[in-house]
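Content type TSV, C-alpha atoms, from the file input_6.tsv:
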```tsv
chain	number	residue	atom	x	y	z
A	74	MET	CA	-10.46	23.50	19.45
A	75	ALA	CA	-7.37	21.85	20.86
A	76	GLN	CA	-7.81	18.27	21.87
A	77	GLU	CA	-6.28	16.55	24.84
A	78	VAL	CA	-3.45	14.42	23.48
A	79	LYS	CA	-1.60	11.72	25.30
A	80	ASN	CA	1.93	11.12	24.07
A	81	VAL	CA	4.04	8.03	24.52
A	82	TYR	CA	7.64	8.93	25.38
A	83	TRP	CA	10.66	7.06	24.08
A	84	GLU	CA	12.05	6.58	27.59
A	85	ASP	CA	8.89	4.76	28.64
A	86	VAL	CA	8.78	2.03	26.02
A	87	GLU	CA	10.82	-1.15	25.85
A	88	VAL	CA	11.73	-3.83	23.38
A	89	GLY	CA	9.25	-6.71	23.56
A	90	GLN	CA	6.37	-4.44	24.53
A	91	ASP	CA	3.06	-5.17	22.81
A	92	LEU	CA	0.71	-2.40	21.77
A	93	PRO	CA	-2.92	-2.93	22.78
A	94	GLU	CA	-4.88	-4.68	20.03
A	95	LYS	CA	-7.43	-2.68	18.08
A	96	SER	CA	-10.01	-3.94	15.62
A	97	ARG	CA	-11.73	-2.33	12.70
A	98	ALA	CA	-14.89	-3.72	11.08
A	99	ILE	CA	-14.30	-4.45	7.40
A	100	ASP	CA	-17.40	-3.63	5.39
A	101	THR	CA	-18.15	-2.39	1.88
A	102	THR	CA	-18.45	1.22	3.05
A	103	LEU	CA	-14.94	1.20	4.50
A	104	ILE	CA	-13.48	-0.53	1.43
A	105	VAL	CA	-15.12	1.84	-1.06
A	106	SER	CA	-14.59	5.05	0.88
A	107	GLY	CA	-11.01	4.02	1.69
A	108	ALA	CA	-10.26	3.52	-1.99
A	109	ILE	CA	-12.14	6.46	-3.53
A	110	TRP	CA	-12.72	9.04	-0.79
A	111	ALA	CA	-9.47	8.68	1.15
A	112	SER	CA	-6.80	7.48	-1.27
A	113	HIS	CA	-8.22	8.38	-4.69
A	114	ASP	CA	-7.85	4.84	-6.03
A	115	PHE	CA	-10.47	4.22	-8.72
A	116	MET	CA	-9.36	0.67	-9.61
A	117	PRO	CA	-12.83	-0.96	-9.88
A	118	VAL	CA	-11.90	-4.11	-7.90
A	119	HIS	CA	-12.14	-1.82	-4.86
A	120	HIS	CA	-15.64	-0.46	-5.57
A	121	ALA	CA	-17.46	-2.59	-8.20
A	122	ARG	CA	-18.42	-6.11	-7.15
A	123	ASP	CA	-19.12	-7.34	-10.72
A	124	PHE	CA	-15.73	-6.15	-11.88
A	125	ALA	CA	-13.97	-7.76	-8.89
A	126	GLN	CA	-15.72	-11.06	-9.65
A	127	GLU	CA	-14.71	-10.88	-13.31
A	128	LYS	CA	-11.15	-10.67	-12.06
A	129	GLY	CA	-11.64	-13.80	-9.97
A	130	ALA	CA	-12.29	-12.32	-6.51
A	131	PRO	CA	-15.43	-13.17	-4.52
A	132	ASP	CA	-16.18	-9.51	-3.79
A	133	VAL	CA	-14.62	-6.06	-3.71
A	134	PHE	CA	-11.52	-5.93	-1.52
A	135	MET	CA	-9.52	-3.27	0.29
A	136	ASN	CA	-6.77	-1.40	-1.60
A	137	ILE	CA	-3.25	-1.47	-0.23
A	138	LEU	CA	-3.22	2.26	0.57
A	139	THR	CA	-6.20	1.89	2.91
A	140	SER	CA	-4.67	-1.17	4.57
A	141	ASN	CA	-1.46	0.80	5.07
A	142	GLY	CA	-3.41	3.84	6.28
A	143	LEU	CA	-5.34	1.84	8.87
A	144	MET	CA	-2.14	0.33	10.26
A	145	ALA	CA	-0.43	3.74	10.26
A	146	ALA	CA	-3.39	5.31	12.09
A	147	TYR	CA	-3.33	2.46	14.62
A	148	LEU	CA	0.34	3.14	15.39
A	149	GLU	CA	-0.06	6.92	15.48
A	150	GLN	CA	-3.07	6.79	17.77
A	151	TRP	CA	-1.12	4.71	20.24
A	152	ALA	CA	1.95	6.97	20.08
A	153	GLY	CA	0.26	10.37	20.17
A	154	SER	CA	0.47	13.49	18.03
A	155	GLU	CA	4.18	14.20	18.56
A	156	ALA	CA	5.31	10.87	17.17
A	157	GLU	CA	6.55	10.73	13.59
A	158	LEU	CA	6.05	7.80	11.29
A	159	LYS	CA	9.33	7.18	9.44
A	160	LYS	CA	8.72	3.97	7.56
A	161	MET	CA	5.97	1.48	6.77
A	162	ASN	CA	6.87	-1.82	5.15
A	163	ILE	CA	3.94	-4.12	4.52
A	164	GLY	CA	3.17	-7.29	2.64
A	165	LEU	CA	-0.41	-8.30	1.88
A	166	GLN	CA	-1.60	-11.86	2.22
A	167	VAL	CA	-5.34	-12.73	2.29
A	168	PRO	CA	-7.45	-9.76	1.14
A	169	ASN	CA	-9.86	-7.75	3.29
A	170	PHE	CA	-13.28	-8.74	1.92
A	171	PRO	CA	-16.56	-7.26	3.23
A	172	THR	CA	-17.78	-10.59	4.59
A	173	ALA	CA	-20.53	-10.26	7.22
A	174	GLY	CA	-18.94	-9.74	10.63
A	175	ASN	CA	-15.42	-9.43	9.22
A	176	LYS	CA	-12.93	-7.31	11.10
A	177	MET	CA	-9.21	-6.68	11.05
A	178	ALA	CA	-7.41	-7.08	14.35
A	179	MET	CA	-4.32	-4.87	14.44
A	180	ASN	CA	-1.31	-5.66	16.61
A	181	ALA	CA	2.24	-4.44	17.01
A	182	ARG	CA	5.29	-5.33	19.07
A	183	ILE	CA	8.34	-3.16	19.65
A	184	THR	CA	11.40	-5.00	18.35
A	185	LYS	CA	14.11	-2.36	18.51
A	186	LYS	CA	14.80	0.91	20.31
A	187	TYR	CA	17.63	3.14	19.09
A	188	GLU	CA	18.86	6.64	18.29
A	189	GLU	CA	19.82	7.82	14.84
A	190	SER	CA	20.55	11.31	13.47
A	191	GLY	CA	19.05	12.91	16.56
A	192	ASP	CA	15.83	10.88	16.35
A	193	HIS	CA	14.65	8.57	19.11
A	194	LEU	CA	13.30	5.61	17.19
A	195	ILE	CA	11.45	2.38	17.68
A	196	GLU	CA	10.95	-0.41	15.21
A	197	LEU	CA	7.84	-2.56	15.38
A	198	ASP	CA	6.54	-5.79	13.92
A	199	ILE	CA	3.00	-5.11	12.79
A	200	SER	CA	0.13	-7.36	11.77
A	201	GLY	CA	-3.49	-7.08	10.73
A	202	ASP	CA	-5.55	-10.30	10.77
A	203	ASN	CA	-9.02	-10.84	9.34
A	204	ASN	CA	-11.50	-13.73	9.24
A	205	LEU	CA	-9.35	-15.61	6.72
A	206	GLY	CA	-5.95	-15.16	8.36
A	207	PRO	CA	-3.12	-12.64	8.06
A	208	HIS	CA	-3.99	-9.67	5.84
A	209	ILE	CA	-0.96	-7.50	6.62
A	210	VAL	CA	2.43	-8.54	7.91
A	211	GLY	CA	5.15	-5.96	8.14
A	212	THR	CA	7.37	-3.60	10.07
A	213	ALA	CA	7.26	0.09	10.92
A	214	VAL	CA	9.68	2.68	12.26
A	215	MET	CA	8.55	5.65	14.36
A	216	ALA	CA	10.28	8.51	16.11
A	217	LEU	CA	8.88	9.18	19.59
A	218	PRO	CA	9.16	12.36	21.65
A	219	THR	CA	11.48	12.37	24.67
A	220	LYS	CA	10.94	13.82	28.11
A	221	GLY	CA	14.24	15.73	27.99
B	198	MET	CA	18.25	-50.25	-11.38
B	199	GLY	CA	16.72	-51.41	-14.68
B	200	LYS	CA	13.47	-52.80	-13.36
B	201	GLU	CA	13.17	-50.26	-10.58
B	202	ASN	CA	13.40	-47.44	-13.07
B	203	ASP	CA	10.23	-48.73	-14.64
B	204	ARG	CA	8.44	-48.02	-11.40
B	205	ILE	CA	9.62	-44.43	-11.21
B	206	LYS	CA	7.36	-42.11	-13.08
B	207	PRO	CA	9.08	-39.19	-14.76
B	208	PHE	CA	8.51	-35.66	-13.55
B	209	SER	CA	6.42	-33.63	-15.91
B	210	GLY	CA	8.60	-31.86	-18.44
B	211	PRO	CA	10.20	-28.48	-17.99
B	212	PRO	CA	7.64	-25.68	-17.83
B	213	GLU	CA	6.87	-24.22	-21.18
B	214	GLU	CA	8.03	-20.70	-21.57
B	215	THR	CA	4.78	-18.73	-21.50
B	216	LEU	CA	6.17	-15.31	-22.25
B	217	ASP	CA	9.34	-14.21	-23.95
B	218	TYR	CA	11.28	-12.35	-21.24
B	219	SER	CA	13.17	-10.36	-23.85
B	220	LYS	CA	9.88	-8.50	-24.47
B	221	LEU	CA	10.10	-7.20	-20.89
B	222	GLU	CA	13.71	-6.77	-19.95
B	223	GLY	CA	14.27	-3.67	-22.04
B	224	PHE	CA	12.08	-1.68	-19.65
B	225	ILE	CA	13.99	-2.64	-16.49
B	226	GLY	CA	15.85	0.22	-14.87
B	227	LYS	CA	13.99	2.85	-16.90
B	228	SER	CA	12.08	5.72	-15.29
B	229	SER	CA	9.07	7.80	-16.17
B	230	PRO	CA	9.33	11.58	-15.98
B	231	PHE	CA	7.83	13.28	-12.93
B	232	HIS	CA	4.11	13.67	-13.46
B	233	GLU	CA	2.05	16.56	-12.15
B	234	PRO	CA	-0.70	15.61	-9.67
B	235	HIS	CA	-4.40	16.05	-10.45
B	236	ASP	CA	-4.64	18.46	-7.50
B	237	GLU	CA	-2.54	20.16	-4.87
B	238	VAL	CA	-2.73	18.94	-1.27
B	239	THR	CA	-5.81	20.34	0.47
B	240	ARG	CA	-7.23	20.30	3.98
B	241	SER	CA	-10.29	18.49	2.71
B	242	ASP	CA	-8.14	15.69	1.21
B	243	ILE	CA	-6.55	15.31	4.64
B	244	ARG	CA	-9.87	15.38	6.45
B	245	HIS	CA	-11.35	12.72	4.15
B	246	TRP	CA	-8.43	10.43	4.90
B	247	CYS	CA	-8.62	10.97	8.65
B	248	GLU	CA	-12.36	10.39	8.60
B	249	VAL	CA	-11.99	7.00	6.91
B	250	MET	CA	-8.97	5.92	8.97
B	251	GLN	CA	-10.64	7.22	12.15
B	252	ASP	CA	-7.45	9.11	12.92
B	253	PRO	CA	-8.12	11.88	15.46
B	254	ASN	CA	-4.54	13.23	15.43
B	255	PRO	CA	-4.94	17.03	15.81
B	256	MET	CA	-1.70	17.57	13.85
B	257	TYR	CA	-3.72	16.66	10.75
B	258	THR	CA	-6.97	18.51	11.29
B	259	ASP	CA	-6.68	21.08	14.10
B	260	GLU	CA	-4.99	24.22	12.79
B	261	GLU	CA	-4.76	25.87	16.24
B	262	TYR	CA	-3.06	22.85	17.73
B	263	ALA	CA	-0.75	22.30	14.77
B	264	LYS	CA	0.32	25.98	14.69
B	265	LYS	CA	2.14	25.45	17.98
B	266	SER	CA	3.97	22.38	16.69
B	267	LYS	CA	7.35	22.35	14.95
B	268	TYR	CA	5.51	22.22	11.62
B	269	GLY	CA	3.77	25.55	12.19
B	270	GLY	CA	0.50	24.26	10.76
B	271	ILE	CA	-1.35	21.11	9.87
B	272	ILE	CA	0.37	18.36	7.93
B	273	ALA	CA	-0.96	15.37	6.03
B	274	PRO	CA	-0.66	11.82	7.37
B	275	PRO	CA	2.54	10.55	5.73
B	276	ALA	CA	0.82	7.37	4.53
B	277	MET	CA	-1.32	9.58	2.25
B	278	VAL	CA	1.65	10.37	0.03
B	279	GLN	CA	0.54	8.40	-3.01
B	280	THR	CA	-3.01	9.80	-3.00
B	281	TRP	CA	-2.26	12.74	-5.28
B	282	SER	CA	-0.37	10.67	-7.87
B	283	LEU	CA	-2.99	8.06	-8.65
B	284	ASP	CA	-4.95	8.23	-11.89
B	285	ASP	CA	-8.01	10.44	-11.85
B	286	MET	CA	-11.34	8.66	-12.33
B	287	HIS	CA	-11.33	8.89	-16.11
B	288	ASP	CA	-7.76	7.65	-16.52
B	289	ALA	CA	-8.24	4.88	-13.97
B	290	LEU	CA	-11.30	3.49	-15.75
B	291	GLN	CA	-9.55	3.77	-19.10
B	292	ARG	CA	-6.59	1.89	-17.65
B	293	PHE	CA	-8.38	-0.85	-15.74
B	294	VAL	CA	-11.62	-1.32	-17.68
B	295	HIS	CA	-10.62	-0.49	-21.24
B	296	GLY	CA	-6.94	-1.46	-21.17
B	297	ASN	CA	-5.99	2.00	-22.35
B	298	GLN	CA	-3.00	3.13	-20.25
B	299	PRO	CA	-2.44	6.80	-19.63
B	300	PHE	CA	1.15	8.04	-20.11
B	301	LYS	CA	1.81	5.37	-22.73
B	302	GLU	CA	5.45	6.33	-23.04
B	303	ASP	CA	6.21	5.50	-19.39
B	304	PRO	CA	8.32	2.33	-19.17
B	305	HIS	CA	6.11	0.70	-16.53
B	306	ASN	CA	2.99	1.36	-18.61
B	307	GLN	CA	4.68	-0.09	-21.68
B	308	LEU	CA	5.56	-3.17	-19.66
B	309	PHE	CA	2.00	-3.45	-18.34
B	310	ASP	CA	0.78	-3.20	-21.96
B	311	VAL	CA	2.94	-6.17	-22.92
B	312	LEU	CA	1.73	-8.18	-19.93
B	313	ASP	CA	-1.91	-7.25	-20.65
B	314	SER	CA	-1.59	-8.34	-24.27
B	315	GLU	CA	-0.15	-11.68	-23.11
B	316	GLY	CA	-3.21	-12.26	-20.91
B	317	TYR	CA	-1.78	-11.07	-17.57
B	318	ASN	CA	-4.45	-8.37	-17.32
B	319	GLY	CA	-5.41	-8.74	-13.68
B	320	VAL	CA	-3.48	-6.64	-11.20
B	321	VAL	CA	-3.22	-6.69	-7.44
B	322	ALA	CA	-0.79	-4.92	-5.12
B	323	THR	CA	1.04	-7.30	-2.83
B	324	ALA	CA	3.63	-5.25	-0.93
B	325	GLN	CA	4.90	-1.76	-0.39
B	326	GLU	CA	7.57	-0.02	1.63
B	327	GLN	CA	7.35	3.72	2.15
B	328	THR	CA	10.12	5.77	3.76
B	329	TYR	CA	8.87	9.20	4.79
B	330	LEU	CA	11.48	11.94	4.46
B	331	ARG	CA	9.62	15.25	4.84
B	332	PRO	CA	6.17	16.36	5.98
B	333	ILE	CA	3.41	17.05	3.44
B	334	LYS	CA	1.48	20.31	3.92
B	335	PRO	CA	-1.67	21.82	2.44
B	336	GLY	CA	-0.78	23.63	-0.79
B	337	ASP	CA	2.05	21.23	-1.61
B	338	VAL	CA	2.24	19.92	-5.15
B	339	ILE	CA	3.38	16.31	-4.97
B	340	ARG	CA	4.91	14.92	-8.13
B	341	GLY	CA	5.87	11.29	-8.57
B	342	LYS	CA	8.04	9.31	-10.92
B	343	ILE	CA	8.17	5.56	-11.36
B	344	THR	CA	11.21	3.42	-12.03
B	345	LEU	CA	10.74	-0.13	-13.17
B	346	ALA	CA	12.98	-2.26	-10.98
B	347	ARG	CA	12.23	-5.90	-11.73
B	348	VAL	CA	9.80	-8.35	-13.25
B	349	SER	CA	9.55	-12.10	-12.73
B	350	LYS	CA	11.29	-14.13	-15.41
B	351	TYR	CA	8.91	-17.05	-14.94
B	352	ASP	CA	5.31	-17.59	-13.95
B	353	HIS	CA	4.31	-17.72	-10.30
B	354	PHE	CA	1.41	-19.87	-9.20
B	355	THR	CA	-0.55	-17.78	-6.72
B	356	ARG	CA	-3.97	-17.62	-5.11
B	357	GLN	CA	-5.02	-15.21	-7.85
B	358	GLY	CA	-3.80	-17.49	-10.60
B	359	ILE	CA	-0.71	-17.55	-12.79
B	360	GLY	CA	1.15	-14.28	-12.76
B	361	ARG	CA	4.29	-12.19	-12.82
B	362	TYR	CA	5.46	-9.92	-10.04
B	363	VAL	CA	6.54	-6.43	-10.98
B	364	ASP	CA	8.61	-4.27	-8.62
B	365	ILE	CA	8.46	-0.54	-9.15
B	366	LEU	CA	10.12	2.30	-7.26
B	367	TYR	CA	8.36	5.57	-6.64
B	368	THR	CA	10.06	8.85	-5.87
B	369	PHE	CA	7.81	11.62	-4.60
B	370	VAL	CA	8.95	15.25	-4.51
B	371	ASN	CA	7.24	18.50	-3.58
B	372	GLN	CA	7.17	21.83	-5.42
B	373	HIS	CA	10.66	22.63	-4.05
B	374	ASP	CA	12.03	19.42	-5.59
B	375	GLU	CA	12.57	18.04	-2.10
B	376	GLU	CA	12.12	14.29	-1.75
B	377	ILE	CA	9.23	13.58	0.58
B	378	CYS	CA	9.01	9.82	0.20
B	379	VAL	CA	10.67	6.93	-1.55
B	380	GLU	CA	8.65	3.81	-2.02
B	381	SER	CA	9.02	0.33	-3.38
B	382	PHE	CA	5.84	-1.29	-4.61
B	383	ARG	CA	5.13	-4.84	-5.78
B	384	VAL	CA	2.19	-5.79	-7.94
B	385	LEU	CA	1.14	-9.15	-9.28
B	386	LYS	CA	-0.03	-9.09	-12.88
B	387	TYR	CA	-2.08	-12.26	-13.29
B	388	LYS	CA	-4.26	-14.11	-15.77
B	389	PRO	CA	-7.94	-13.88	-14.84
B	390	PRO	CA	-10.51	-15.15	-14.69
B	391	MET	CA	-9.72	-17.86	-12.27
B	392	ASP	CA	-12.50	-18.10	-9.78
B	393	THR	CA	-10.83	-17.95	-6.37
B	394	ARG	CA	-14.10	-17.80	-4.45
B	395	ARG	CA	-13.74	-21.34	-3.14
B	396	LEU	CA	-10.28	-20.55	-1.75
B	397	TYR	CA	-11.73	-17.86	0.45
B	398	GLU	CA	-14.79	-19.72	1.70
B	399	GLY	CA	-15.08	-20.02	5.47
```

Could you write out this structure as structure tokens?
Amino acid sequence: MAQEVKNVYWEDVEVGQDLPEKSRAIDTTLIVSGAIWASHDFMPVHHARDFAQEKGAPDVFMNILTSNGLMAAYLEQWAGSEAELKKMNIGLQVPNFPTAGNKMAMNARITKKYEESGDHLIELDISGDNNLGPHIVGTAVMALPTKG
Amino acid sequence: MGKENDRIKPFSGPPEETLDYSKLEGFIGKSSPFHEPHDEVTRSDIRHWCEVMQDPNPMYTDEEYAKKSKYGGIIAPPAMVQTWSLDDMHDALQRFVHGNQPFKEDPHNQLFDVLDSEGYNGVVATAQEQTYLRPIKPGDVIRGKITLARVSKYDHFTRQGIGRYVDILYTFVNQHDEEICVESFRVLKYKPPMDTRRLYEG
């Protein structure tokens, strides 16, 4: 069943443009299913609270692949199904813990618009902030479709 | 200056060397062989990922839609690339719970063994950069190799405790030996337990 997909075209975006903010609730279910179900990461700090606490953390916390995946999905949902993610560069700061009411607010701003090897590209500054402060800070590069 | 010097307290002495760097440096620049994945890429792997990430992109899950695209069928979200190279459950628990690394001959695992034995047995990922070069499709067999790029010469004092950063480079190829992603990855190997709960309160 084909879905209705809205694409963002390269001609229509400009440097300095902010993407609409999106938030995702951070709870134990997301942290555990992100680690094990989605990214196949069985490091116990991401699913076993006792183990995480032995290692000095207050609780289980999100693995980097899920953090990266959530930011990538945020960008791709904005851009539409014809966009291509070319690069994700992220640094992690405070972890995503499943504290009651915690959520990660995702934002991005277009910092560059250029053509390279036939691709119509944009570069973005990206961030994901939780109840403790910045969780992810980074940059991304995407190719967008053109109208031509 | 004579009298004034008496009022100036000395800095604490130079930091003691906590780990002999020569035990680590021999592994720098060395690579593992390519390792086979635990499974090939499947539609259900892709669906699991999209379900968790709440990614409705039809290119990943709608065969009819994706057939008409330039890919000719569904592809995996590029950020999934590392999924098929991670330890299976048994190996992961051996590695992280029992300190028994799989692929003992791999340079990065040998380095982690040294760090573990010196007390740096906590690990947390702190940064990664992935450059996506080719699409991943169901049926692909993604193999990865790891090159050890760098390790801190001295201790860092971090939120997690005292630790050493380790930079590793991944190269992922498919069954046609085509590069699909290159990645740099930074982990902190630290000395637990240091209870950081108070740092994260409020």

Legend entry - CA of Lys386 (chain B) to CA of Phe354 (chain B), straight-line distance in Å: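 About the pair CA of Phe354 (chain B) and CA of Lys386 (chain B): they are 11.5 Å apart.
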
Give as a compact mmCIF listing (two decimals) with C-alpha atoms, in the coordinates of the input every residue of chain B that touches chain A within 7 Å, counting only C-alpha atoms.
```txt
# COMPACT_ATOMS: atom_id res chain seq x y z
CA HIS B 245 -11.35 12.72 4.15
CA TRP B 246 -8.43 10.43 4.90
CA VAL B 249 -11.99 7.00 6.91
CA MET B 250 -8.97 5.92 8.97
CA ASP B 252 -7.45 9.11 12.92
CA ASN B 254 -4.54 13.23 15.43
CA PRO B 255 -4.94 17.03 15.81
CA MET B 256 -1.70 17.57 13.85
CA ASP B 259 -6.68 21.08 14.10
CA GLU B 261 -4.76 25.87 16.24
CA TYR B 262 -3.06 22.85 17.73
CA ALA B 276 0.82 7.37 4.53
CA MET B 277 -1.32 9.58 2.25
CA THR B 280 -3.01 9.80 -3.00
CA LEU B 283 -2.99 8.06 -8.65
CA MET B 286 -11.34 8.66 -12.33
CA ALA B 289 -8.24 4.88 -13.97
CA PHE B 293 -8.38 -0.85 -15.74
CA GLY B 319 -5.41 -8.74 -13.68
CA ALA B 322 -0.79 -4.92 -5.12
CA THR B 323 1.04 -7.30 -2.83
CA ALA B 324 3.63 -5.25 -0.93
CA GLN B 325 4.90 -1.76 -0.39
CA GLU B 326 7.57 -0.02 1.63
CA GLN B 327 7.35 3.72 2.15
CA THR B 328 10.12 5.77 3.76
CA TYR B 329 8.87 9.20 4.79
CA PRO B 389 -7.94 -13.88 -14.84
CA PRO B 390 -10.51 -15.15 -14.69
CA MET B 391 -9.72 -17.86 -12.27
CA ASP B 392 -12.50 -18.10 -9.78
CA THR B 393 -10.83 -17.95 -6.37
CA ARG B 394 -14.10 -17.80 -4.45
```

Legend entry - Distance in Å - CA of Met179 (chain A) versus CA of Pro93 (chain A): 8.7 Å

Legend entry - region 375-377 of chain B surroundings by all atoms listed in the file, 9 Å radius, close-in-sequence under 2 positions cut, as an MDAnalysis selection string: chainID B and resid 275 278 328:333 339 368:373 379

Inset, instruction - Could you give me, as JSON, numbers by chain, the residues within 12 Å of His295 (chain B), counting only C-alpha atoms and dropping anything in the same chain fewer than 2 positions from it? - result: {"A": [116, 117], "B": [287, 288, 289, 290, 291, 292, 293, 297, 298, 299, 310, 313, 318]}

Legend entry - Within 10 Å of region 229-232 of chain B using only C-alpha atoms, minus same-chain residues under 5 positions, as a list in words: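 Contacts, with the query itself left out: Ser282, Phe300, Glu302, Asp303, Pro304, His305, Asn306, Ile339, Arg340, Gly341, Lys342, Ile343, Thr344, Leu345, Tyr367, Thr368, Phe369 and Val370 of chain B.
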
Legend entry - Coordinates-based distance that separates CA of Ser190 (chain A) from CA of Gly269 (chain B) (Å, one decimal):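 Going from CA of Gly269 (chain B) over to CA of Ser190 (chain A) covers 22.0 Å.
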